[in-house]
6 protein chains.
Amino acid sequence: MRLLIVNPNISSSVTDLIEAEARLSVSSETEITMRTAAFGVAYIETRAEAVVGAYATLAELAEHHPGHDAAVIAAFGDPGLEAAREILPIPVVGLTESALMTAAMLGGRIGIIAISRRIGAWYRETVDRYGLLPRLSGIRFLDEPFNDISSVQQDRAQQLLALSEAAIVEDGADVLIMAGAPLAGLARQVGNRIPVPVVDGVSCAVRQAALLAGLAPVKARAGSYALPPRKACRGLPTAMAALVGGEGGV
Amino acid sequence: MRLLIVNPNISSSVTDLIEAEARLSVSSETEITMRTAAFGVAYIETRAEAVVGAYATLAELAEHHPGHDAAVIAAFGDPGLEAAREILPIPVVGLTESALMTAAMLGGRIGIIAISRRIGAWYRETVDRYGLLPRLSGIRFLDEPFNDISSVQQDRAQQLLALSEAAIVEDGADVLIMAGAPLAGLARQVGNRIPVPVVDGVSCAVRQAALLAGLAPVKARAGSYALPPRKACRGLPTAMAALVGGEGGV
Amino acid sequence: MRLLIVNPNISSSVTDLIEAEARLSVSSETEITMRTAAFGVAYIETRAEAVVGAYATLAELAEHHPGHDAAVIAAFGDPGLEAAREILPIPVVGLTESALMTAAMLGGRIGIIAISRRIGAWYRETVDRYGLLPRLSGIRFLDEPFNDISSVQQDRAQQLLALSEAAIVEDGADVLIMAGAPLAGLARQVGNRIPVPVVDGVSCAVRQAALLAGLAPVKARAGSYALPPRKACRGLPTAMAALVGGEGGV
Amino acid sequence: MRLLIVNPNISSSVTDLIEAEARLSVSSETEITMRTAAFGVAYIETRAEAVVGAYATLAELAEHHPGHDAAVIAAFGDPGLEAAREILPIPVVGLTESALMTAAMLGGRIGIIAISRRIGAWYRETVDRYGLLPRLSGIRFLDEPFNDISSVQQDRAQQLLALSEAAIVEDGADVLIMAGAPLAGLARQVGNRIPVPVVDGVSCAVRQAALLAGLAPVKARAGSYALPPRKACRGLPTAMAALVGGEGGV
Amino acid sequence: MRLLIVNPNISSSVTDLIEAEARLSVSSETEITMRTAAFGVAYIETRAEAVVGAYATLAELAEHHPGHDAAVIAAFGDPGLEAAREILPIPVVGLTESALMTAAMLGGRIGIIAISRRIGAWYRETVDRYGLLPRLSGIRFLDEPFNDISSVQQDRAQQLLALSEAAIVEDGADVLIMAGAPLAGLARQVGNRIPVPVVDGVSCAVRQAALLAGLAPVKARAGSYALPPRKACRGLPTAMAALVGGEGGV
Amino acid sequence: MRLLIVNPNISSSVTDLIEAEARLSVSSETEITMRTAAFGVAYIETRAEAVVGAYATLAELAEHHPGHDAAVIAAFGDPGLEAAREILPIPVVGLTESALMTAAMLGGRIGIIAISRRIGAWYRETVDRYGLLPRLSGIRFLDEPFNDISSVQQDRAQQLLALSEAAIVEDGADVLIMAGAPLAGLARQVGNRIPVPVVDGVSCAVRQAALLAGLAPVKARAGSYALPPRKACRGLPTAMAALVGGEGGV
């Protein structure tokens, strides 16, 4: 099994976090290729940043997917996920989608713990995009800036536990998602101190990617996830042009 | 990894079908325990049959889950799923839920192919119960009685392909679910002749059960999936009384 | 008019409460048959308990419905309601459904007052099952254990009035439901001290059962509420086998 | 028991139909007062006609409700229903709402049979207004003009049966509503020839009005169904001014 | 461009407020005709008042629309809007609808600031009527009676700013609507002190009316917004009879 | 008034069509700046193409918006719309959103006529993204490839009229949207031959952009449409870096 994991952010420290958590989630025979977005922002919190991240991610996936069995878009909010699913011949998963679908099999209503207030609106829209808003009990968030995106877990464990408690008791969450790659690993660390199942995006995405690869689904040749119809394109990276331009591009 | 799979129907021929498909979906080290409902009907199509199947399934799960890492309720419609999730200390999945969550990661709108018209209403309500009705493109079904539930695949492959085509072109399905244990294996056989990804309940459920077991989530100690509050009970099978009676039963 | 009322719980003290309230809701010519579940738990608060209660209720209804004009499933959450509606030739109502439909004709948004926090999730799912979640303003609940399920009204009247006030002012309820058989009669007692219409499940269910019986609807011979298709069954109580096995059973 | 029934249309022939059906739905001790709108149109099919009918109905109700225990707005679409519920001290029901709530207790998905294509949009919006659109399987309608609104039943019985069949088989209806006062009585006549339960608005409304009167709910003193706040008004009929002007009017 | 603006309330002081704000929203060549409801209440807060206002408004529009290019129903809640859209040959807009549609193009979730608690339920139902409830972040309201509807802005500016802050921070509003004609002009005055875009109903309605008139859409000759089918009517104002009676009336 | 219009596709012939239609929609004093995406595809039909178009559009808007009062993203599907709304200090509208909001003020249910089957899924998701799926009566589409995107109107007028008829009679549309820039101008040409109001994206977008500019809303300084929080970015075009990097970028 060979997995391609793309960090849509430019932060290589976050890429390292993702990789560490990913390695804990797969068998030793699974090979992982890590890619960090060639351009973009330090971490995606907004719709504008997601547009940038989606394009950068699509470029990485188009270029590097050959030889892999499945791909992971490793930022909560899943920038470019459906687009990638249209053009790649292999399964692609995102952190939010796979965490939601996994959480949905562990309980009824799902709470999300996030790293900033601002990121909440984008997360909510992402949940809505998958049709799961009725399952969302609420989004709780750290409400102060943090110094270092890569160390947020250590600094904020206590606060995150309090947010979890509020999500369960006040919002009615049956299961929690620790959202965003910067929180990768936190679910593992604090899981036993939280009285409901907790999942994180990286573990879920890597495992679901492997699961989907195991099913070996056909690449859609009909419906709205078939390759885009062939058409003229200009100025795209070569690999992307071949896919987005449709059926080999023009 | 040890999985407990319960067929909520009394048909041992269907249990065999389920087991065969399940074995194809897990690694060789995974041990599988198969159980068939001790009472109930030949195959569940209606709400009343599902009430019977739910109780029979809960009894099997309560008695046989010790020593397993996850459990599967192996009938489409998932009789007793949420109930089992409340009382068992291990992850439990159903065929419908796991197929839906898996399909949702392979495309946008999901079509279901079913074995009878009557079963459609119950399936629709099951999809709605998980909040995924907006993702459902439609349910297509064989509309004639079949002689032998265990051989429906062979008799009806051509019809099922036509239903798939209609689901894609007329309903807008991006991904299809072959629903119900009797269709276990069909996805594998005809997958390449259908131009969108196809999944079946057994493969998805077994794989998702293994995935959830791998995450090793805590048993909920709070929220609506904690064990029921302790209270008096009467006339229940011993193992069920210990769990449904709450925190050890009374 | 002859009504069959089944208490899905094993508590005969609650059966007495239900009967007392029911007698106040019908004319003197109406005959009432009371049945208490032969097995199960003291009172249903969770999904697992509801699975047990649904099966026990279905058994009572299958055996005792002959000679009655309508039946009532007398626990909030309506365990087994749709199943019973499939197999019985007479109208069947549940406490939650009939209270919701009645309340909906008395105001816009509906608040529910419940006897425990834990029961809230199950009630919410029950409201959702009938498609009325958009009409639900919220569920308020007593949040401490009570000693005796049959005397909760007396002990807690003041608290219940405070919950009602919060439901109206904070949640925007136009009409309230006192939920669960243990609260039967409370609506009658405190109705004048609450500034919006209040209904309770038992009164609504008994009256709606009589109303439906008066309409004398045909038993469905088509659609998803016709008797289940005939099929093999095993291990069911005789009366249930005749109905669940379909069109006379096998 | 004294019921006030207002026909929001100016057609006294339809008022007679309504009265005939109503008399069949109540006990002999129930007194019925019939009122026909003093102004408006022959039968309401559109939003503009409903605005007129709502105002005419409110005027009748305001003037004639004293001495009655409940009131019925006897046109499908329920013009002015929520408004009447705000200002009258007694329960008020409409044909659509009461038929929907009654039908919802007889099956899952509800089909509506209507007397014209044009009326369909208004009916659909009415169902939506009560939050029951997810329960609506569809609206089927006669698609040719009819000569006499009071004799539509006789002329069109065969067509209506065909529409019922389509509603059940193609749309998935479990229960049907014969909509609109002109179809009053049809449910009774053809009920046995349709293989699912059928209800009509007049029977449901009259019975539900009696049921609600029996519950003797308080008039809301809080929430959005309390009397309108006192304020200046001008040009209203005296009885309406006293109620709409709020708490006695100004 | 000639616009007809009808105040559905009888308050000529509010009509003046509306006119002043309207004049600020249109070019100098635009002619405005102001009409005040001939009968009704001082300001509409409830469903009953809206029924009265709808009829009074329809009468004004029917009589005075000739010679105008578009019409505005100038009360939040839009009494009679869809009815007017059916019968008038020119575009008609309401304050709520046009404010919502405009606000939706300035942000994601929309908050409403209202002048009384009571009015909230009616506003919420109005938003729901347009299908935009998922976009509504919440309704905040002044919760004390005010002495003079025409001076509410001056008295309450500080309170309204606090409500705006709560709507943004607690409810998640991205854009705010100052609701109700009495708040006309407030958006203009305090806009710079509120950190998100703010719109008011009058400005939006007048501008959208002009925009729609510019598009010169055909009057619907098919579908549910065509003129009502011709039918008998009685007791309607002459102009309304000609329109509501359908295609020239009878 | 100065409007910036960006064509997210690389087709300058479509840019010309857009400009022609836009000029017909604005007053003579309005200045229009047209921009064509520097890279991307000939016309956007899919999610992958939309990701490319969104990034290309954001780049154009970031660089060229200074000096303009409002901006238009001139492709149906509105690639990058919410992202642009976050980072630009001026109002931004898209073709789909503005057509939907405009159509919603002309009727109840909205039908969309599109230029290809494939584009339907993306349009449906776009309508859903704005929360207006309940208002959508359906999407009808030309189902054969066309030779020249710029001449589709002439070739296909008859087919488009037939689609319109089906949208009205079969789907229940009250108002139609001619979708996609290639159909710009068609609404104007065939409007009188279609019996319900018809709008097109370009006219609506240009007019709504001017309307919003006239309201002069503040740029959000709070909520989820404020500028992204300041953070490190890399590899972005200079103008985009200044905006996406947040509050001046880093």
# chains A, B, ... in the order shown; residues from 1 in each chain; ligands from 1
$ residues_around --residues "Ala71 in chain D" --least-positions-apart "5" --cutoff "7 Å" --atoms "only C-alpha atoms" --output "PyMOL selection string"
chain D and resi 3-5+91-93+209
$ write_last_selection --atoms "N, CA and C atoms" --output "compact mmCIF listing (two decimals), in the first residue's frame"
# COMPACT_ATOMS: atom_id res chain seq x y z
N LEU D 3 -69.40 23.66 18.08
CA LEU D 3 -68.35 23.95 17.10
C LEU D 3 -68.80 25.05 16.14
N LEU D 4 -67.87 25.95 15.86
CA LEU D 4 -68.10 26.97 14.84
C LEU D 4 -67.28 26.60 13.61
N ILE D 5 -67.95 26.46 12.47
CA ILE D 5 -67.25 26.09 11.24
C ILE D 5 -67.42 27.21 10.23
N PRO D 91 -59.68 26.59 20.85
CA PRO D 91 -58.88 25.95 19.80
C PRO D 91 -59.47 26.19 18.42
N VAL D 92 -58.58 26.34 17.45
CA VAL D 92 -58.98 26.51 16.05
C VAL D 92 -58.16 25.53 15.23
N VAL D 93 -58.80 24.84 14.32
CA VAL D 93 -58.07 23.96 13.42
C VAL D 93 -58.43 24.28 11.98
N ALA D 209 -61.00 19.22 16.19
CA ALA D 209 -61.51 20.37 16.94
C ALA D 209 -62.19 19.90 18.22
$ interface_residues --of "chain E" --to "chain F" --cutoff "7 Å" --atoms "only C-alpha atoms" --output "compact mmCIF listing (two decimals) with all heavy atoms, in the first residue's frame"
# COMPACT_ATOMS: atom_id res chain seq x y z
N PRO E 91 -43.28 43.94 -10.90
CA PRO E 91 -42.58 43.34 -9.76
C PRO E 91 -43.01 43.95 -8.43
O PRO E 91 -43.29 45.15 -8.36
CB PRO E 91 -41.10 43.65 -10.04
CG PRO E 91 -41.02 43.85 -11.53
CD PRO E 91 -42.34 44.49 -11.90
N VAL E 93 -41.86 43.79 -4.22
CA VAL E 93 -40.92 43.29 -3.22
C VAL E 93 -41.40 43.65 -1.83
O VAL E 93 -42.22 44.54 -1.64
CB VAL E 93 -39.49 43.84 -3.44
CG1 VAL E 93 -38.95 43.45 -4.80
CG2 VAL E 93 -39.47 45.35 -3.24
N MET E 101 -32.30 38.81 0.77
CA MET E 101 -31.61 38.48 -0.47
C MET E 101 -30.39 39.39 -0.65
O MET E 101 -29.35 38.96 -1.14
CB MET E 101 -32.55 38.59 -1.67
CG MET E 101 -33.76 37.66 -1.61
SD MET E 101 -33.33 35.90 -1.46
CE MET E 101 -34.91 35.19 -0.94
N MET E 105 -25.95 38.41 -0.17
CA MET E 105 -24.84 38.68 -1.09
C MET E 105 -23.71 39.46 -0.42
O MET E 105 -22.73 39.83 -1.07
CB MET E 105 -25.36 39.43 -2.32
CG MET E 105 -26.29 38.56 -3.18
SD MET E 105 -26.89 39.38 -4.68
CE MET E 105 -28.19 40.42 -3.99
N LEU E 106 -23.86 39.73 0.88
CA LEU E 106 -22.81 40.47 1.60
C LEU E 106 -22.12 39.62 2.66
O LEU E 106 -21.17 40.08 3.29
CB LEU E 106 -23.42 41.71 2.27
CG LEU E 106 -23.89 42.82 1.32
CD1 LEU E 106 -24.71 43.85 2.07
CD2 LEU E 106 -22.69 43.48 0.64
N GLY E 107 -22.61 38.43 2.89
CA GLY E 107 -21.99 37.58 3.90
C GLY E 107 -22.67 36.23 3.95
O GLY E 107 -23.52 35.93 3.09
N GLY E 131 -37.36 30.11 2.72
CA GLY E 131 -36.38 29.02 2.67
C GLY E 131 -35.02 29.39 3.20
O GLY E 131 -34.06 28.66 3.01
N LEU E 132 -34.90 30.52 3.88
CA LEU E 132 -33.58 30.99 4.29
C LEU E 132 -33.27 30.78 5.78
O LEU E 132 -32.32 31.35 6.30
CB LEU E 132 -33.40 32.46 3.91
CG LEU E 132 -33.17 32.67 2.40
CD1 LEU E 132 -33.09 34.16 2.08
CD2 LEU E 132 -31.88 32.00 1.95
N PRO E 134 -31.80 28.37 7.21
CA PRO E 134 -30.42 27.94 7.45
C PRO E 134 -29.41 29.09 7.40
O PRO E 134 -28.31 28.94 7.92
CB PRO E 134 -30.16 26.94 6.31
CG PRO E 134 -31.51 26.47 5.89
CD PRO E 134 -32.42 27.65 6.09
N ARG E 135 -29.76 30.18 6.80
CA ARG E 135 -28.85 31.33 6.75
C ARG E 135 -29.03 32.26 7.95
O ARG E 135 -28.22 33.17 8.16
CB ARG E 135 -29.08 32.14 5.46
CG ARG E 135 -28.81 31.40 4.16
CD ARG E 135 -27.31 31.17 3.92
NE ARG E 135 -26.58 32.37 3.65
CZ ARG E 135 -26.33 32.87 2.44
NH1 ARG E 135 -26.76 32.23 1.37
NH2 ARG E 135 -25.62 33.96 2.29
N ILE E 168 -23.19 39.30 16.37
CA ILE E 168 -21.94 38.96 15.67
C ILE E 168 -21.13 37.94 16.47
O ILE E 168 -20.75 36.89 15.96
CB ILE E 168 -21.09 40.23 15.43
CG1 ILE E 168 -21.85 41.20 14.52
CG2 ILE E 168 -19.73 39.88 14.84
CD1 ILE E 168 -21.27 42.61 14.50
N GLY E 172 -22.81 34.52 15.58
CA GLY E 172 -22.05 34.23 14.37
C GLY E 172 -22.55 34.94 13.12
O GLY E 172 -22.31 34.48 12.00
N ALA E 173 -23.22 36.07 13.30
CA ALA E 173 -23.72 36.82 12.13
C ALA E 173 -22.57 37.44 11.35
O ALA E 173 -21.64 37.99 11.93
CB ALA E 173 -24.69 37.91 12.58
N ASP E 174 -22.65 37.34 10.02
CA ASP E 174 -21.68 37.99 9.14
C ASP E 174 -22.21 39.30 8.59
O ASP E 174 -21.46 40.11 8.06
CB ASP E 174 -21.38 37.08 7.94
CG ASP E 174 -20.64 35.82 8.33
OD1 ASP E 174 -19.67 35.93 9.09
OD2 ASP E 174 -21.05 34.73 7.90
N ASN E 192 -21.30 52.67 10.48
CA ASN E 192 -19.86 52.68 10.66
C ASN E 192 -19.41 52.21 12.04
O ASN E 192 -18.24 51.90 12.24
CB ASN E 192 -19.31 54.08 10.39
CG ASN E 192 -19.33 54.37 8.89
OD1 ASN E 192 -19.11 53.45 8.09
ND2 ASN E 192 -19.62 55.61 8.53
N PRO E 195 -19.20 46.45 13.13
CA PRO E 195 -18.07 45.92 12.34
C PRO E 195 -18.43 44.92 11.25
O PRO E 195 -17.54 44.21 10.78
CB PRO E 195 -17.19 45.29 13.42
CG PRO E 195 -18.15 44.87 14.48
CD PRO E 195 -19.26 45.87 14.47
N VAL E 196 -19.70 44.83 10.89
CA VAL E 196 -20.07 44.00 9.73
C VAL E 196 -21.07 44.81 8.89
O VAL E 196 -21.66 45.77 9.39
CB VAL E 196 -20.73 42.65 10.15
CG1 VAL E 196 -19.79 41.80 10.99
CG2 VAL E 196 -22.06 42.87 10.84
N PRO E 197 -21.27 44.42 7.65
CA PRO E 197 -22.25 45.14 6.83
C PRO E 197 -23.64 45.10 7.47
O PRO E 197 -24.05 44.08 8.03
CB PRO E 197 -22.24 44.38 5.50
CG PRO E 197 -20.89 43.74 5.44
CD PRO E 197 -20.56 43.39 6.87
N VAL E 198 -24.34 46.23 7.38
CA VAL E 198 -25.69 46.34 7.94
C VAL E 198 -26.60 46.86 6.83
O VAL E 198 -26.26 47.79 6.12
CB VAL E 198 -25.73 47.34 9.11
CG1 VAL E 198 -27.15 47.47 9.64
CG2 VAL E 198 -24.77 46.93 10.21
N ARG E 207 -34.41 49.69 -3.62
CA ARG E 207 -33.38 49.44 -4.64
C ARG E 207 -33.67 48.16 -5.43
O ARG E 207 -33.48 48.10 -6.64
CB ARG E 207 -32.01 49.34 -3.98
CG ARG E 207 -31.52 50.69 -3.44
CD ARG E 207 -30.29 50.50 -2.54
NE ARG E 207 -29.98 51.70 -1.79
CZ ARG E 207 -29.07 52.60 -2.18
NH1 ARG E 207 -28.39 52.43 -3.30
NH2 ARG E 207 -28.86 53.67 -1.44
N LEU E 211 -34.34 47.63 -9.37
CA LEU E 211 -33.55 46.65 -10.13
C LEU E 211 -34.46 45.70 -10.92
O LEU E 211 -34.25 45.46 -12.12
CB LEU E 211 -32.65 45.87 -9.17
CG LEU E 211 -31.67 44.86 -9.77
CD1 LEU E 211 -30.44 44.71 -8.86
CD2 LEU E 211 -32.28 43.50 -10.03
N PRO E 217 -39.24 41.95 -16.31
CA PRO E 217 -39.66 40.55 -16.50
C PRO E 217 -41.09 40.49 -17.01
O PRO E 217 -41.90 41.37 -16.73
CB PRO E 217 -39.55 39.97 -15.09
CG PRO E 217 -39.77 41.13 -14.18
CD PRO E 217 -39.14 42.31 -14.88
N VAL E 218 -41.41 39.41 -17.74
CA VAL E 218 -42.80 39.24 -18.17
C VAL E 218 -43.66 38.93 -16.94
O VAL E 218 -43.17 38.42 -15.95
CB VAL E 218 -42.95 38.06 -19.16
CG1 VAL E 218 -42.07 38.28 -20.38
CG2 VAL E 218 -42.64 36.72 -18.51
N LYS E 219 -44.93 39.27 -17.02
CA LYS E 219 -45.88 38.80 -16.01
C LYS E 219 -46.10 37.32 -16.30
O LYS E 219 -46.35 36.92 -17.45
CB LYS E 219 -47.20 39.57 -16.15
CG LYS E 219 -48.40 38.96 -15.42
CD LYS E 219 -48.20 38.94 -13.91
CE LYS E 219 -49.26 38.11 -13.20
NZ LYS E 219 -48.89 37.85 -11.80
N ALA E 220 -46.03 36.49 -15.24
CA ALA E 220 -46.21 35.05 -15.44
C ALA E 220 -47.56 34.76 -16.08
O ALA E 220 -48.59 35.27 -15.65
CB ALA E 220 -46.09 34.33 -14.11
N ARG E 221 -47.53 33.95 -17.15
CA ARG E 221 -48.76 33.48 -17.78
C ARG E 221 -48.96 31.99 -17.51
O ARG E 221 -49.94 31.39 -17.94
CB ARG E 221 -48.70 33.73 -19.30
CG ARG E 221 -48.52 35.18 -19.70
CD ARG E 221 -48.53 35.37 -21.22
NE ARG E 221 -47.53 34.57 -21.92
CZ ARG E 221 -46.27 34.94 -22.14
NH1 ARG E 221 -45.85 36.14 -21.73
NH2 ARG E 221 -45.44 34.14 -22.78
N ALA E 222 -48.00 31.39 -16.83
CA ALA E 222 -48.08 29.97 -16.46
C ALA E 222 -47.47 29.83 -15.07
O ALA E 222 -46.91 30.79 -14.54
CB ALA E 222 -47.33 29.11 -17.46
N GLY E 223 -47.57 28.64 -14.51
CA GLY E 223 -46.99 28.43 -13.19
C GLY E 223 -47.87 29.04 -12.11
O GLY E 223 -48.95 29.57 -12.38
N SER E 224 -47.38 28.98 -10.87
CA SER E 224 -48.24 29.34 -9.75
C SER E 224 -48.30 30.84 -9.49
O SER E 224 -48.96 31.27 -8.55
CB SER E 224 -47.80 28.58 -8.49
OG SER E 224 -46.67 29.19 -7.91
N TYR E 225 -47.59 31.64 -10.30
CA TYR E 225 -47.68 33.09 -10.16
C TYR E 225 -48.42 33.76 -11.32
O TYR E 225 -48.41 34.97 -11.47
CB TYR E 225 -46.31 33.72 -9.93
CG TYR E 225 -45.89 33.56 -8.49
CD1 TYR E 225 -45.20 32.43 -8.07
CD2 TYR E 225 -46.26 34.49 -7.53
CE1 TYR E 225 -44.86 32.26 -6.74
CE2 TYR E 225 -45.92 34.33 -6.20
CZ TYR E 225 -45.22 33.21 -5.81
OH TYR E 225 -44.90 33.05 -4.49
$ select_by_dssp --residues "range 91-247 of chain F" --states "strand (DSSP E or B)" --output "list of chain:residue names"
F:Val92, F:Val93, F:Gly94, F:Ile110, F:Gly111, F:Ile112, F:Ile113, F:Ala114, F:Leu136, F:Ser137, F:Gly138, F:Ile139, F:Arg140, F:Phe141, F:Val175, F:Leu176, F:Ile177, F:Met178, F:Val198, F:Val199, F:Asp200, F:Cys233, F:Arg234
$ write_last_selection --atoms "N, CA and C atoms" --output "PDB file, in the first residue's frame"
ATOM      1  N   VAL F  92     -18.654  41.931  -3.773  1.00  0.00           N
ATOM      2  CA  VAL F  92     -18.374  41.021  -4.888  1.00  0.00           C
ATOM      3  C   VAL F  92     -19.604  40.133  -5.069  1.00  0.00           C
ATOM      4  N   VAL F  93     -20.026  39.951  -6.299  1.00  0.00           N
ATOM      5  CA  VAL F  93     -21.153  39.046  -6.552  1.00  0.00           C
ATOM      6  C   VAL F  93     -20.751  38.019  -7.604  1.00  0.00           C
ATOM      7  N   GLY F  94     -21.515  36.923  -7.613  1.00  0.00           N
ATOM      8  CA  GLY F  94     -21.303  35.887  -8.606  1.00  0.00           C
ATOM      9  C   GLY F  94     -22.554  35.735  -9.451  1.00  0.00           C
ATOM     10  N   ILE F 110     -37.601  27.947  -8.406  1.00  0.00           N
ATOM     11  CA  ILE F 110     -36.684  28.446  -9.420  1.00  0.00           C
ATOM     12  C   ILE F 110     -36.136  27.289 -10.243  1.00  0.00           C
ATOM     13  N   GLY F 111     -36.264  27.376 -11.553  1.00  0.00           N
ATOM     14  CA  GLY F 111     -35.678  26.382 -12.434  1.00  0.00           C
ATOM     15  C   GLY F 111     -34.423  26.928 -13.098  1.00  0.00           C
ATOM     16  N   ILE F 112     -33.456  26.053 -13.353  1.00  0.00           N
ATOM     17  CA  ILE F 112     -32.218  26.456 -14.015  1.00  0.00           C
ATOM     18  C   ILE F 112     -32.106  25.709 -15.341  1.00  0.00           C
ATOM     19  N   ILE F 113     -31.775  26.456 -16.382  1.00  0.00           N
ATOM     20  CA  ILE F 113     -31.511  25.863 -17.699  1.00  0.00           C
ATOM     21  C   ILE F 113     -30.012  25.953 -17.940  1.00  0.00           C
ATOM     22  N   ALA F 114     -29.374  24.799 -18.208  1.00  0.00           N
ATOM     23  CA  ALA F 114     -27.913  24.761 -18.308  1.00  0.00           C
ATOM     24  C   ALA F 114     -27.458  24.227 -19.653  1.00  0.00           C
ATOM     25  N   LEU F 136     -35.129  25.315  -5.408  1.00  0.00           N
ATOM     26  CA  LEU F 136     -34.793  24.837  -6.750  1.00  0.00           C
ATOM     27  C   LEU F 136     -35.823  23.816  -7.223  1.00  0.00           C
ATOM     28  N   SER F 137     -36.502  24.120  -8.344  1.00  0.00           N
ATOM     29  CA  SER F 137     -37.468  23.138  -8.861  1.00  0.00           C
ATOM     30  C   SER F 137     -36.768  22.072  -9.688  1.00  0.00           C
ATOM     31  N   GLY F 138     -35.604  22.396 -10.230  1.00  0.00           N
ATOM     32  CA  GLY F 138     -34.852  21.429 -11.010  1.00  0.00           C
ATOM     33  C   GLY F 138     -33.888  22.106 -11.960  1.00  0.00           C
ATOM     34  N   ILE F 139     -32.997  21.289 -12.524  1.00  0.00           N
ATOM     35  CA  ILE F 139     -32.047  21.780 -13.518  1.00  0.00           C
ATOM     36  C   ILE F 139     -32.296  21.001 -14.802  1.00  0.00           C
ATOM     37  N   ARG F 140     -32.531  21.718 -15.871  1.00  0.00           N
ATOM     38  CA  ARG F 140     -32.708  21.103 -17.189  1.00  0.00           C
ATOM     39  C   ARG F 140     -31.501  21.476 -18.049  1.00  0.00           C
ATOM     40  N   PHE F 141     -31.105  20.566 -18.928  1.00  0.00           N
ATOM     41  CA  PHE F 141     -29.874  20.850 -19.661  1.00  0.00           C
ATOM     42  C   PHE F 141     -29.922  20.331 -21.092  1.00  0.00           C
ATOM     43  N   VAL F 175     -40.069  30.674 -12.047  1.00  0.00           N
ATOM     44  CA  VAL F 175     -39.144  31.629 -12.641  1.00  0.00           C
ATOM     45  C   VAL F 175     -37.942  30.824 -13.114  1.00  0.00           C
ATOM     46  N   LEU F 176     -37.314  31.274 -14.193  1.00  0.00           N
ATOM     47  CA  LEU F 176     -36.202  30.512 -14.759  1.00  0.00           C
ATOM     48  C   LEU F 176     -34.909  31.325 -14.775  1.00  0.00           C
ATOM     49  N   ILE F 177     -33.810  30.602 -14.609  1.00  0.00           N
ATOM     50  CA  ILE F 177     -32.485  31.190 -14.766  1.00  0.00           C
ATOM     51  C   ILE F 177     -31.804  30.538 -15.970  1.00  0.00           C
ATOM     52  N   MET F 178     -31.392  31.357 -16.913  1.00  0.00           N
ATOM     53  CA  MET F 178     -30.549  30.869 -18.006  1.00  0.00           C
ATOM     54  C   MET F 178     -29.117  30.929 -17.485  1.00  0.00           C
ATOM     55  N   VAL F 198     -37.840  35.276 -16.745  1.00  0.00           N
ATOM     56  CA  VAL F 198     -36.551  34.637 -17.004  1.00  0.00           C
ATOM     57  C   VAL F 198     -35.445  35.633 -16.684  1.00  0.00           C
ATOM     58  N   VAL F 199     -34.440  35.167 -15.980  1.00  0.00           N
ATOM     59  CA  VAL F 199     -33.286  36.044 -15.726  1.00  0.00           C
ATOM     60  C   VAL F 199     -32.022  35.320 -16.172  1.00  0.00           C
ATOM     61  N   ASP F 200     -30.979  36.103 -16.381  1.00  0.00           N
ATOM     62  CA  ASP F 200     -29.694  35.475 -16.677  1.00  0.00           C
ATOM     63  C   ASP F 200     -28.661  36.003 -15.702  1.00  0.00           C
ATOM     64  N   CYS F 233       2.907  33.642   4.425  1.00  0.00           N
ATOM     65  CA  CYS F 233       2.488  33.017   3.178  1.00  0.00           C
ATOM     66  C   CYS F 233       3.680  32.994   2.238  1.00  0.00           C
ATOM     67  N   ARG F 234       3.569  32.197   1.201  1.00  0.00           N
ATOM     68  CA  ARG F 234       4.709  32.017   0.283  1.00  0.00           C
ATOM     69  C   ARG F 234       4.206  31.710  -1.117  1.00  0.00           C
TER      70      ARG F 234
END
$ residues_around --residues "Thr57 in chain B" --least-positions-apart "4" --cutoff "10 Å" --atoms "only C-alpha atoms" --output "PyMOL selection string"
chain B and resi 5-9+35-40+50-53+61-63+73-74+78-81+84
